[in-house]
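Take a look at the structure set out below.
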Amino acid sequence: MTMPASNPVAQDDYPTRLPQEQWLERKDPTVWGKWSPEAPLTRAETQSFEKNGYLVLKGVFSASEIEALQAESARMRSGDAGLAPENVITEPNSAEVRTVFRLDEQNALFDRLARDKRVAGRVSYLLGDDVYLHQSRLNYKPGFTGKEFYWHSDFETWHAEDGMPRMRAISASILLTDNDALNGPLMLMPGSHQTFIACAGETPEDNHKTSLKKQEIGVPSQESLSKLAEKFGVDYAAGRAGTVVLFDCNTIHGSNGNITPFPRSNAFFVYNAWSNRVVAPFAANKPRPAFLSSRDPEAPIEIEGGKLV
């Protein structure tokens, strides 16, 4: 076990990996941009994101666009794309692909998707800043054997192990398959983004090597999760392929296993505000590898309009 490293570069407003779990009030806005009639989201959508910490946008991408993305997704999972082994994570008890990292760097169509105005433009508005990709990945939960992913706040890990200073990042999940209540969809606790759960326990050396398959460090206790669920309730993000789910970096979320015959797949992009670029980790002795946390982006992404194909 390694003791959390001190961070002389930035003040730590969200200390975590402590001897005892603590609840801290959020100190950052949820919506940083100012709404106007020209904004890429309606006032009601903006207010919903601010209140709940997530937003489900249906019918964003057309059937032909999703078809093209599905074909590229299948090719990347097949082993024919020549992906670097470090970028591929398999299911805990099988060789079936669970996650492909560096999605934008390994595939031209997914790179274009990451820069699409319908996603990145809306996120940039919510964050009130230019954005870059902190992380990108293809998530796949196969039918029958797809495993669950336990409740957590992404920001807790990104802050502790990557050095993300503020809660000024948003994840975008583009559904490549239909997601319903049964096939392990994303579950969220609406309103939980306003509370930071400072988790108990030290960060182990190379924690990412096990946490990518099953996260055990940096997760709230069952007692805290029960209190959060009682206070906020639990929702799930359902939608047909082509739906986009945006959620705040501190929203508590997870997913059930998938024992249906129907796989669940999504493209996942983490957008961080350009002014919120990572510093030294706040509770680990070294940063996670670059495929998990982009540390030296050259410039904000260039957002593009128009159809993918």
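Naming works like this for the structure tokens: A, B, ... for the chains as they're shown, residue 1 at the start of each chain, ligands 1 onward in shown order.
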| field | Spatial neighbours of range 240-248 of chain A, 9 Å, only C-alpha atoms, chain gap at least 2 places, as a PyMOL selection string | value | chain A and resi 30+49-50+52-63+65-66+119+123+154-155+167-180+188+193+237-238+250-251+266
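Close contacts of Lys231 in chain A, defined as residues with an atom at most 10 Å away when counting only C-alpha atoms, with chain neighbours fewer than 6 positions off set aside, comprise A:Met189, A:Pro190, A:Gly191, A:Ser192, A:Leu225.
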| request: Write out as a PyMOL selection string all residues of range 231-286 of chain A that backbone DSSP assigns to strand (DSSP E). | output: chain A and resi 235-236+244-248+253-255+264-273
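Among the candidate residues A:Thr42, A:Thr99, A:Asn276, A:Thr90, the one lying nearest to Phe291 in chain A is A:Thr99, with distances computed using only C-alpha atoms.
Residues in contact with Leu18 in chain A at 7 Å, where only C-alpha atoms are counted and same-chain residues fewer than 6 positions away are skipped, are listed as Cys199, Ala200, Gly201 and Glu202 of chain A.
Here CA of Glu105 in chain A and CA of Glu302 in chain A stand 14.5 Å from one another.
Ranking A:Tyr132, A:Tyr150, A:Phe262, A:Phe144 by their shortest atom-to-atom distance to Ala181 in chain A, with only C-alpha atoms included, puts A:Phe262 first.
DSSP on the backbone gives helix (DSSP H, G or I) for these parts of range 121-227 of chain A: Gly121, Arg122, Val123, Ser124, Tyr125, Leu126, Leu127, Asp154, Phe155, Glu156, Thr157, Trp158, His159, Ala160, Glu161, Asp162, Ser192, His193, Gln194, His208, Lys209, Thr210, Ser211, Gln222, Glu223, Ser224, Leu225, Ser226 and Lys227 of chain A.
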| note | Atom pair CA of Gln47 in chain A + CA of Leu127 in chain A, distance 13.7 Å
| field | Non-local contacts of Ser124 in chain A (10 Å; only C-alpha atoms; under 4 positions in same chain excluded) as a PyMOL selection string | value | chain A and resi 32-33+40+117+119-120+128-132+169-170+271-274+303
Output C-alpha atoms for every residue in the selection just made, as a PDB file, in the first residue's frame.
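After the write, part26.pdb holds the following:
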```pdb
ATOM      1  CA  TRP A  32     -20.676  26.746 -15.878  1.00  0.00           C
ATOM      2  CA  GLY A  33     -22.098  28.194 -19.089  1.00  0.00           C
ATOM      3  CA  PRO A  40     -27.320  24.052 -27.812  1.00  0.00           C
ATOM      4  CA  LYS A 117     -21.068  19.304 -32.241  1.00  0.00           C
ATOM      5  CA  VAL A 119     -22.052  16.001 -28.161  1.00  0.00           C
ATOM      6  CA  ALA A 120     -18.873  18.038 -27.642  1.00  0.00           C
ATOM      7  CA  GLY A 128     -18.386  27.068 -20.072  1.00  0.00           C
ATOM      8  CA  ASP A 129     -14.996  26.383 -21.633  1.00  0.00           C
ATOM      9  CA  ASP A 130     -13.135  24.724 -24.454  1.00  0.00           C
ATOM     10  CA  VAL A 131     -12.754  20.996 -23.828  1.00  0.00           C
ATOM     11  CA  TYR A 132     -10.322  18.165 -24.398  1.00  0.00           C
ATOM     12  CA  ALA A 169     -15.804  17.484 -16.437  1.00  0.00           C
ATOM     13  CA  ILE A 170     -18.682  15.664 -18.119  1.00  0.00           C
ATOM     14  CA  TYR A 271     -14.603  15.827 -21.649  1.00  0.00           C
ATOM     15  CA  ASN A 272     -12.603  17.993 -19.265  1.00  0.00           C
ATOM     16  CA  ALA A 273     -12.573  21.793 -19.296  1.00  0.00           C
ATOM     17  CA  TRP A 274      -9.376  23.165 -20.807  1.00  0.00           C
ATOM     18  CA  ILE A 303     -15.647  20.658 -32.720  1.00  0.00           C
TER      19      ILE A 303
END
```
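Here CA of Lys34 in chain A and CA of Gly163 in chain A stand 26.9 Å from one another.
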